[in-house]
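Here the structure comes first, spelled out in structure tokens, and everything after it is commentary.
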Amino acid sequence: MYDYLIVGSGLSGASIANLLKQKGYNVLVIEKKSNIGGSIRTVKRDGIDIHLYGAHIFHTSDKRTHDYFSSFSKLNNFINSPLAFYKGKYYHLPFNMNTFHDLWNVNTAEEAKAIINTQIEENKIKDITNLEEQAISLVGNDVYQILIKGYTEKQWGRSCKELDPSIIKRLPLRFTYDNNYFNDTYQGIPVDGYSKVIERMLKGVTVVRNADFLKDKNKWMKQAKKIIYTGQIDALFDYKLGRLEYRSLKFETSKLKRKSYQESAVVNYTEREIPYTRIIEHKKFLNIDSDVTYITKEYPLEYKQGCNPYYPINNDKNISLYNEYLKLANEDKNIILAGRLGNYKYYDMDDTIMASFELVDKL
Ligand code: UDP
């Protein structure tokens with residue numbers, strides 16, 4: 001009999017297991033797949049860590065989170081400065097003076113603000129009810145049309161008019177020449193790879209792979225007093241109130257016999273007509289010098305059963321369905337929900353770890 005059974009070995013499950021073990025609890029982790037690590041899993045090919053499920057760049061402003069995460073592997077000094085490619089031209093991201101110079105050939109913040117403000121005023125938006133209105137109210141029409149609309153509509157498979165304004169608030173807007181995508185105090189890539197981070201978090205914890213909790217619920221429930229479930233909440237209840245929506249992704253990775261493919265680790269393709277949203281070049285995250293390189297094209301996809309549910313789709317319909325499921329979950333005091341899927345939240349890695357701290361402190 002364990003104190004806790006943790007379902008899922010992604011960053012959420014692994015960090016909760018690690019924190020509980022540190023407090024002296026006896027923990028069992030089960031993982032449906034044959035490999036641990038969930039979406040942050042990496043594999044090494046030709047000395048290069050491949051991010052199997054898309055670019056993962058650790059960033060946070062929370063010192064406790066940084067110190068905890070970096071205790072499993074030193075972080076390098078990588079700064080994410082992606083480029084956007086639109087109709088044959090590169091633009092700097094996030095939206096900053098370099099972008100405005102690329103767009104309008106302006107040099108000062110005053111010139112850039114004047115153009116943006118004129119465009120905002122022309123649109124006469126009063127109340128912000130969707131992502132399109134939010135984006136135009138922040139950065140005006142040109143940035144919206146060139147750098148946001150196409151990317152966002154293919155990423156989410158929905159019109160910007162149907163999307164929640166909060167999605168775009170993740171992106172910084174600044175009037176200095178600064179291409180750092182994140183505003184956070186700490187940033188970097190684990191030099192030993194994300195898979196090593198997970199392995200080290202789970203050191204000394206019993207992990208059973210190829211174990212599908214939902215297929216054998218009764219058997220697994222008997223293994224522990226409390227269950228921490230990091231999978232899809234609608235699946236936990238056999239979809240009895242209906243299905244939550246998710247956005248999925250398809251990754252196409254190629255090995256190229258050349259030293260370099262692109263000038264930045266991440267290039268976003270912001271036109272609607274190009275089916276992928278980004279190309280990442282893995283060696284650039286850890287600055288690996290080698291004669292070959294690996295690139296991955298990331299294609300957004302409608303989620304169907306059997307695909308990986310990467311992103312929750314936070315609209316009113318899904319949020320109210322999630323809340324109904326949450327009521328059901330709260331009826332059973334032995335089940336605790338965690339992670340991006342259990343909480344149906346668009347967590348970054350640092351949000352995930354902060355949620356794990358909070359949960360374990362509470363427990
Ligand atoms: N986004 C955009 N253009 C870009 C990059 C991002 O419009 O070139 C928008 C898009 O709506 C996206 C959101 O900003 O879903 C958040 O992007 P981020 O790169 O933070 O998301 P993630 O890496 O989690 O997919």
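Just remember, in the structure tokens the first chain shown is A, the second B, etc., residues are 1-based per chain, and ligands are 1-based in the order shown.
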(request) May I have all residues of segment 249-283 of chain A that DSSP, computed from the backbone, assigns to strand (DSSP E), given as a ChimeraX atom specification? (result) /A:249-256,266-269,278-281
Put those residues in a file: N, CA, C and O atoms, as a short mmCIF file (atom, residue, chain, number, x, y, z; two decimals), in the first residue's frame.
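Generated output (out-v1.cif):
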data_model
loop_
_atom_site.label_atom_id
_atom_site.label_comp_id
_atom_site.auth_asym_id
_atom_site.auth_seq_id
_atom_site.Cartn_x
_atom_site.Cartn_y
_atom_site.Cartn_z
N LEU A 249 -1.07 18.40 -31.86
CA LEU A 249 0.04 18.79 -32.73
C LEU A 249 0.60 17.56 -33.41
O LEU A 249 0.54 16.45 -32.86
N LYS A 250 1.16 17.77 -34.60
CA LYS A 250 1.89 16.70 -35.27
C LYS A 250 3.31 17.22 -35.51
O LYS A 250 3.48 18.38 -35.90
N PHE A 251 4.30 16.38 -35.25
CA PHE A 251 5.69 16.81 -35.40
C PHE A 251 6.36 16.02 -36.51
O PHE A 251 6.25 14.79 -36.55
N GLU A 252 7.05 16.73 -37.41
CA GLU A 252 7.75 16.07 -38.50
C GLU A 252 9.24 16.42 -38.37
O GLU A 252 9.61 17.58 -38.56
N THR A 253 10.03 15.42 -38.00
CA THR A 253 11.45 15.70 -37.72
C THR A 253 12.33 15.16 -38.84
O THR A 253 12.12 14.05 -39.32
N SER A 254 13.31 15.94 -39.27
CA SER A 254 14.26 15.46 -40.28
C SER A 254 15.69 15.71 -39.83
O SER A 254 15.98 16.72 -39.17
N LYS A 255 16.55 14.77 -40.24
CA LYS A 255 17.98 14.93 -40.02
C LYS A 255 18.59 15.48 -41.30
O LYS A 255 18.33 14.95 -42.38
N LEU A 256 19.36 16.53 -41.20
CA LEU A 256 19.95 17.13 -42.40
C LEU A 256 21.46 17.09 -42.28
O LEU A 256 22.02 17.35 -41.21
N VAL A 266 14.17 28.89 -33.09
CA VAL A 266 12.73 28.83 -33.40
C VAL A 266 12.40 29.85 -34.48
O VAL A 266 12.74 31.03 -34.34
N VAL A 267 11.75 29.39 -35.56
CA VAL A 267 11.22 30.33 -36.55
C VAL A 267 9.72 30.07 -36.68
O VAL A 267 9.30 28.94 -36.94
N ASN A 268 8.92 31.10 -36.44
CA ASN A 268 7.46 30.98 -36.56
C ASN A 268 7.05 31.31 -37.99
O ASN A 268 7.54 32.29 -38.56
N TYR A 269 6.15 30.52 -38.54
CA TYR A 269 5.63 30.78 -39.90
C TYR A 269 4.24 31.36 -39.73
O TYR A 269 3.31 30.63 -39.39
N ARG A 278 5.68 26.37 -36.75
CA ARG A 278 7.08 26.70 -36.47
C ARG A 278 8.00 25.62 -36.98
O ARG A 278 7.58 24.47 -37.16
N ILE A 279 9.26 26.02 -37.17
CA ILE A 279 10.34 25.04 -37.37
C ILE A 279 11.33 25.30 -36.25
O ILE A 279 11.75 26.45 -36.03
N ILE A 280 11.66 24.24 -35.52
CA ILE A 280 12.69 24.40 -34.50
C ILE A 280 13.93 23.64 -34.95
O ILE A 280 13.84 22.60 -35.60
N GLU A 281 15.08 24.18 -34.63
CA GLU A 281 16.35 23.51 -34.93
C GLU A 281 16.99 23.17 -33.59
O GLU A 281 17.47 24.05 -32.87
#
(request) Name each residue within 8 Å of ligand 1, counting only C-alpha atoms and all ligand atoms, as a PyMOL selection string. (result) chain A and resi 55-56+83-84+93-94+144+147-153+155-156+167-171+268-270+346+348
Written file, previous selection with N, CA and C atoms, as an mmCIF file, in the first residue's frame:
data_model
loop_
_atom_site.group_PDB
_atom_site.id
_atom_site.type_symbol
_atom_site.label_atom_id
_atom_site.label_comp_id
_atom_site.auth_asym_id
_atom_site.auth_seq_id
_atom_site.Cartn_x
_atom_site.Cartn_y
_atom_site.Cartn_z
ATOM 1 N N ALA A 55 9.305 22.717 -28.827
ATOM 2 C CA ALA A 55 10.338 23.462 -28.105
ATOM 3 C C ALA A 55 9.942 23.660 -26.650
ATOM 4 N N HIS A 56 10.821 23.298 -25.746
ATOM 5 C CA HIS A 56 10.609 23.581 -24.330
ATOM 6 C C HIS A 56 11.748 24.463 -23.837
ATOM 7 N N LEU A 83 12.260 34.171 -34.604
ATOM 8 C CA LEU A 83 11.959 35.045 -35.730
ATOM 9 C C LEU A 83 10.606 34.632 -36.278
ATOM 10 N N ALA A 84 9.946 35.560 -36.951
ATOM 11 C CA ALA A 84 8.716 35.202 -37.661
ATOM 12 C C ALA A 84 9.008 35.331 -39.150
ATOM 13 N N LEU A 93 10.779 38.833 -33.140
ATOM 14 C CA LEU A 93 9.780 38.632 -32.084
ATOM 15 C C LEU A 93 10.483 38.760 -30.739
ATOM 16 N N PRO A 94 9.794 38.985 -29.625
ATOM 17 C CA PRO A 94 8.380 39.373 -29.580
ATOM 18 C C PRO A 94 8.239 40.782 -30.160
ATOM 19 N N TYR A 144 -1.053 42.741 -36.247
ATOM 20 C CA TYR A 144 -2.096 41.710 -36.171
ATOM 21 C C TYR A 144 -2.158 40.900 -37.476
ATOM 22 N N LEU A 147 1.669 39.178 -38.157
ATOM 23 C CA LEU A 147 2.340 38.316 -37.170
ATOM 24 C C LEU A 147 1.402 37.532 -36.261
ATOM 25 N N ILE A 148 0.133 37.884 -36.249
ATOM 26 C CA ILE A 148 -0.760 37.210 -35.290
ATOM 27 C C ILE A 148 -1.863 36.390 -35.965
ATOM 28 N N LYS A 149 -2.594 37.007 -36.890
ATOM 29 C CA LYS A 149 -3.836 36.394 -37.377
ATOM 30 C C LYS A 149 -3.626 34.982 -37.943
ATOM 31 N N GLY A 150 -2.735 34.862 -38.932
ATOM 32 C CA GLY A 150 -2.537 33.565 -39.605
ATOM 33 C C GLY A 150 -2.009 32.512 -38.645
ATOM 34 N N TYR A 151 -1.038 32.911 -37.836
ATOM 35 C CA TYR A 151 -0.426 31.973 -36.884
ATOM 36 C C TYR A 151 -1.469 31.468 -35.896
ATOM 37 N N THR A 152 -2.201 32.419 -35.333
ATOM 38 C CA THR A 152 -3.168 32.060 -34.287
ATOM 39 C C THR A 152 -4.291 31.204 -34.855
ATOM 40 N N GLU A 153 -4.775 31.546 -36.072
ATOM 41 C CA GLU A 153 -5.897 30.783 -36.619
ATOM 42 C C GLU A 153 -5.482 29.359 -36.978
ATOM 43 N N GLN A 155 -2.915 27.782 -35.438
ATOM 44 C CA GLN A 155 -2.586 27.154 -34.154
ATOM 45 C C GLN A 155 -3.837 26.615 -33.468
ATOM 46 N N TRP A 156 -4.894 27.407 -33.486
ATOM 47 C CA TRP A 156 -6.090 27.038 -32.716
ATOM 48 C C TRP A 156 -7.213 26.470 -33.585
ATOM 49 N N ILE A 167 -5.165 34.536 -24.545
ATOM 50 C CA ILE A 167 -4.100 33.782 -25.226
ATOM 51 C C ILE A 167 -2.977 34.725 -25.670
ATOM 52 N N ILE A 168 -3.364 35.879 -26.186
ATOM 53 C CA ILE A 168 -2.384 36.793 -26.768
ATOM 54 C C ILE A 168 -1.635 37.590 -25.702
ATOM 55 N N LYS A 169 -2.201 37.627 -24.504
ATOM 56 C CA LYS A 169 -1.549 38.380 -23.422
ATOM 57 C C LYS A 169 -0.243 37.730 -22.988
ATOM 58 N N ARG A 170 -0.009 36.477 -23.437
ATOM 59 C CA ARG A 170 1.263 35.820 -23.134
ATOM 60 C C ARG A 170 2.437 36.507 -23.815
ATOM 61 N N LEU A 171 2.156 37.173 -24.942
ATOM 62 C CA LEU A 171 3.260 37.739 -25.737
ATOM 63 C C LEU A 171 3.649 39.136 -25.268
ATOM 64 N N ASN A 268 8.917 31.099 -36.439
ATOM 65 C CA ASN A 268 7.462 30.978 -36.559
ATOM 66 C C ASN A 268 7.046 31.308 -37.990
ATOM 67 N N TYR A 269 6.148 30.523 -38.542
ATOM 68 C CA TYR A 269 5.629 30.778 -39.897
ATOM 69 C C TYR A 269 4.238 31.355 -39.727
ATOM 70 N N THR A 270 4.114 32.665 -39.918
ATOM 71 C CA THR A 270 2.873 33.322 -39.497
ATOM 72 C C THR A 270 1.822 33.414 -40.597
ATOM 73 N N TYR A 346 -3.627 26.186 -19.365
ATOM 74 C CA TYR A 346 -2.513 26.393 -20.296
ATOM 75 C C TYR A 346 -1.260 26.717 -19.474
ATOM 76 N N ASP A 348 2.636 26.790 -18.412
ATOM 77 C CA ASP A 348 4.028 26.654 -18.838
ATOM 78 C C ASP A 348 4.712 25.738 -17.834
#
(request) One decimal, Å: what's the distance from atom CA of Asp316 of chain A over to atom CA of Asp332 of chain A, could you say? (result) 25.3 Å
(request) May I have the residues within 10 Å of Tyr246 of chain A as a PyMOL selection string, using only C-alpha atoms and disregarding those fewer than 5 positions away in the same chain? (result) chain A and resi 156+232+301-304+307-314+318+341+344
Keeping only N, CA, C and O atoms, write those residues as an mmCIF file, in the first residue's frame.
data_model
loop_
_atom_site.group_PDB
_atom_site.id
_atom_site.type_symbol
_atom_site.label_atom_id
_atom_site.label_comp_id
_atom_site.auth_asym_id
_atom_site.auth_seq_id
_atom_site.Cartn_x
_atom_site.Cartn_y
_atom_site.Cartn_z
ATOM 1 N N TRP A 156 -4.894 27.407 -33.486
ATOM 2 C CA TRP A 156 -6.090 27.038 -32.716
ATOM 3 C C TRP A 156 -7.213 26.470 -33.585
ATOM 4 O O TRP A 156 -8.224 26.000 -33.035
ATOM 5 N N GLN A 232 -6.376 13.447 -18.542
ATOM 6 C CA GLN A 232 -7.539 14.236 -18.954
ATOM 7 C C GLN A 232 -8.688 13.990 -17.985
ATOM 8 O O GLN A 232 -9.087 12.837 -17.766
ATOM 9 N N LEU A 301 -3.210 20.544 -35.039
ATOM 10 C CA LEU A 301 -4.136 19.487 -35.472
ATOM 11 C C LEU A 301 -5.355 19.490 -34.572
ATOM 12 O O LEU A 301 -5.228 19.738 -33.378
ATOM 13 N N GLU A 302 -6.523 19.161 -35.127
ATOM 14 C CA GLU A 302 -7.697 18.989 -34.277
ATOM 15 C C GLU A 302 -7.470 17.758 -33.418
ATOM 16 O O GLU A 302 -6.961 16.749 -33.903
ATOM 17 N N TYR A 303 -7.824 17.836 -32.160
ATOM 18 C CA TYR A 303 -7.620 16.681 -31.271
ATOM 19 C C TYR A 303 -8.677 15.616 -31.527
ATOM 20 O O TYR A 303 -9.860 15.895 -31.602
ATOM 21 N N LYS A 304 -8.206 14.391 -31.693
ATOM 22 C CA LYS A 304 -9.107 13.229 -31.753
ATOM 23 C C LYS A 304 -8.576 12.218 -30.768
ATOM 24 O O LYS A 304 -7.392 12.236 -30.447
ATOM 25 N N CYS A 307 -4.797 10.903 -30.189
ATOM 26 C CA CYS A 307 -3.752 11.926 -30.364
ATOM 27 C C CYS A 307 -3.343 12.410 -28.976
ATOM 28 O O CYS A 307 -4.038 12.175 -27.997
ATOM 29 N N ASN A 308 -2.247 13.158 -28.893
ATOM 30 C CA ASN A 308 -1.880 13.777 -27.617
ATOM 31 C C ASN A 308 -2.652 15.088 -27.456
ATOM 32 O O ASN A 308 -2.644 15.915 -28.359
ATOM 33 N N PRO A 309 -3.286 15.284 -26.307
ATOM 34 C CA PRO A 309 -4.027 16.539 -26.079
ATOM 35 C C PRO A 309 -3.101 17.614 -25.512
ATOM 36 O O PRO A 309 -2.993 17.761 -24.314
ATOM 37 N N TYR A 310 -2.433 18.377 -26.386
ATOM 38 C CA TYR A 310 -1.407 19.309 -25.894
ATOM 39 C C TYR A 310 -1.966 20.547 -25.204
ATOM 40 O O TYR A 310 -1.478 20.955 -24.167
ATOM 41 N N TYR A 311 -2.949 21.181 -25.856
ATOM 42 C CA TYR A 311 -3.440 22.449 -25.308
ATOM 43 C C TYR A 311 -4.913 22.340 -24.913
ATOM 44 O O TYR A 311 -5.719 21.879 -25.713
ATOM 45 N N PRO A 312 -5.285 22.825 -23.721
ATOM 46 C CA PRO A 312 -6.715 22.974 -23.434
ATOM 47 C C PRO A 312 -7.249 24.139 -24.265
ATOM 48 O O PRO A 312 -6.484 25.062 -24.590
ATOM 49 N N ILE A 313 -8.508 24.105 -24.640
ATOM 50 C CA ILE A 313 -9.086 25.250 -25.368
ATOM 51 C C ILE A 313 -10.024 25.975 -24.412
ATOM 52 O O ILE A 313 -11.142 25.531 -24.146
ATOM 53 N N ASN A 314 -9.508 27.066 -23.862
ATOM 54 C CA ASN A 314 -10.245 27.753 -22.795
ATOM 55 C C ASN A 314 -11.301 28.706 -23.358
ATOM 56 O O ASN A 314 -11.060 29.894 -23.473
ATOM 57 N N ASN A 318 -16.056 25.089 -22.766
ATOM 58 C CA ASN A 318 -15.140 24.117 -22.150
ATOM 59 C C ASN A 318 -14.934 24.397 -20.659
ATOM 60 O O ASN A 318 -14.851 23.467 -19.864
ATOM 61 N N LEU A 341 -3.491 18.865 -17.876
ATOM 62 C CA LEU A 341 -4.700 18.146 -18.273
ATOM 63 C C LEU A 341 -5.693 18.004 -17.133
ATOM 64 O O LEU A 341 -6.890 18.186 -17.321
ATOM 65 N N TYR A 344 -6.916 21.401 -16.645
ATOM 66 C CA TYR A 344 -7.391 22.007 -17.905
ATOM 67 C C TYR A 344 -6.922 23.472 -17.992
ATOM 68 O O TYR A 344 -7.698 24.385 -18.220
#
(request) Find the distance between atom CA of Tyr261 of chain A and atom CA of Ser81 of chain A and write it in Å to one decimal. (result)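 Going from atom CA of Tyr261 of chain A over to atom CA of Ser81 of chain A covers 16.0 Å.
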(message) Need the shell around Leu138 of chain A: protein/DNA/RNA residues with any atom at most 10 Å away, counting only C-alpha atoms. Skip same-chain ones fewer than 4 positions apart. Format as a list of chain:residue names?
(response)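 Final neighbour list, sorted by chain and number: A:Ile116, A:Asn117, A:Gln119, A:Ile120, A:Glu132, A:Glu133, A:Gln134, A:Val143, A:Tyr144, A:Ile168, A:Lys169, A:Leu173.
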Take the residues just selected and output them with N, CA, C and O atoms as a short mmCIF file (atom, residue, chain, number, x, y, z; two decimals), in the first residue's frame.
data_model
loop_
_atom_site.label_atom_id
_atom_site.label_comp_id
_atom_site.auth_asym_id
_atom_site.auth_seq_id
_atom_site.Cartn_x
_atom_site.Cartn_y
_atom_site.Cartn_z
N ILE A 116 1.20 52.79 -34.21
CA ILE A 116 0.31 51.81 -33.54
C ILE A 116 -0.95 52.51 -33.03
O ILE A 116 -2.07 52.03 -33.25
N ASN A 117 -0.78 53.67 -32.41
CA ASN A 117 -1.95 54.38 -31.87
C ASN A 117 -2.93 54.80 -32.96
O ASN A 117 -4.14 54.69 -32.79
N GLN A 119 -3.41 53.26 -35.77
CA GLN A 119 -4.11 52.03 -36.21
C GLN A 119 -5.14 51.59 -35.16
O GLN A 119 -6.21 51.10 -35.51
N ILE A 120 -4.79 51.74 -33.89
CA ILE A 120 -5.75 51.34 -32.84
C ILE A 120 -6.99 52.24 -32.93
O ILE A 120 -8.13 51.75 -32.91
N GLU A 132 -9.08 38.82 -31.56
CA GLU A 132 -8.82 39.81 -32.61
C GLU A 132 -8.86 41.23 -32.03
O GLU A 132 -7.96 42.04 -32.25
N GLU A 133 -9.91 41.50 -31.26
CA GLU A 133 -10.05 42.85 -30.68
C GLU A 133 -8.91 43.13 -29.69
O GLU A 133 -8.39 44.24 -29.65
N GLN A 134 -8.55 42.12 -28.95
CA GLN A 134 -7.45 42.29 -27.99
C GLN A 134 -6.14 42.62 -28.71
O GLN A 134 -5.42 43.54 -28.35
N VAL A 143 0.65 44.62 -37.28
CA VAL A 143 1.22 43.52 -36.51
C VAL A 143 0.21 42.38 -36.45
O VAL A 143 0.54 41.20 -36.61
N TYR A 144 -1.05 42.74 -36.25
CA TYR A 144 -2.10 41.71 -36.17
C TYR A 144 -2.16 40.90 -37.48
O TYR A 144 -2.12 39.67 -37.45
N ILE A 168 -3.36 35.88 -26.19
CA ILE A 168 -2.38 36.79 -26.77
C ILE A 168 -1.64 37.59 -25.70
O ILE A 168 -0.56 38.12 -25.93
N LYS A 169 -2.20 37.63 -24.50
CA LYS A 169 -1.55 38.38 -23.42
C LYS A 169 -0.24 37.73 -22.99
O LYS A 169 0.55 38.32 -22.26
N LEU A 173 5.04 42.97 -25.34
CA LEU A 173 5.09 44.11 -26.27
C LEU A 173 5.98 45.14 -25.62
O LEU A 173 5.75 45.53 -24.47
#
(request) May I have the residues within 9 Å of Leu75 of chain A as a ChimeraX atom specification, using only C-alpha atoms and disregarding those fewer than 4 positions away in the same chain? (result) /A:58,69-70,187-192
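Residues surrounding Asn35 of chain A within 12 Å are Gly8, Ser9, Gly10, Ile30, Ile40, Arg41, Thr42, Val43, Leu52, Ser195, Ile198, Glu199, Val207, Val208, Arg209, Asn210 and Ala211 of chain A [only C-alpha atoms; sequence separation below 5 positions excluded].
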(request) Counting only C-alpha atoms, figure out which residue out of A:Asp178, A:Glu263, A:Trp220, A:Phe72 gets nearest to Phe285 of chain A. (result)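 Of A:Asp178, A:Glu263, A:Trp220, A:Phe72, the one nearest Phe285 of chain A, counting only C-alpha atoms, is A:Glu263.
Going from atom CA of Thr99 of chain A to atom CA of Thr296 of chain A covers 24.7 Å.
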(request) Name the residues in contact with Ile336 of chain A at a cut-off of 12 Å, using only C-alpha atoms, excluding same-chain residues fewer than 2 positions from it; report them as a VMD selection string. (result) chain A and resid 4 to 7 13 16 225 to 231 233 236 326 to 334 338 to 339 342 to 343 356 359 to 360 362 to 363
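Across A:Asn315, A:Thr352, A:Thr176, A:Gln223, the tightest approach to Lys161 of chain A is made by A:Asn315 when counting only C-alpha atoms.
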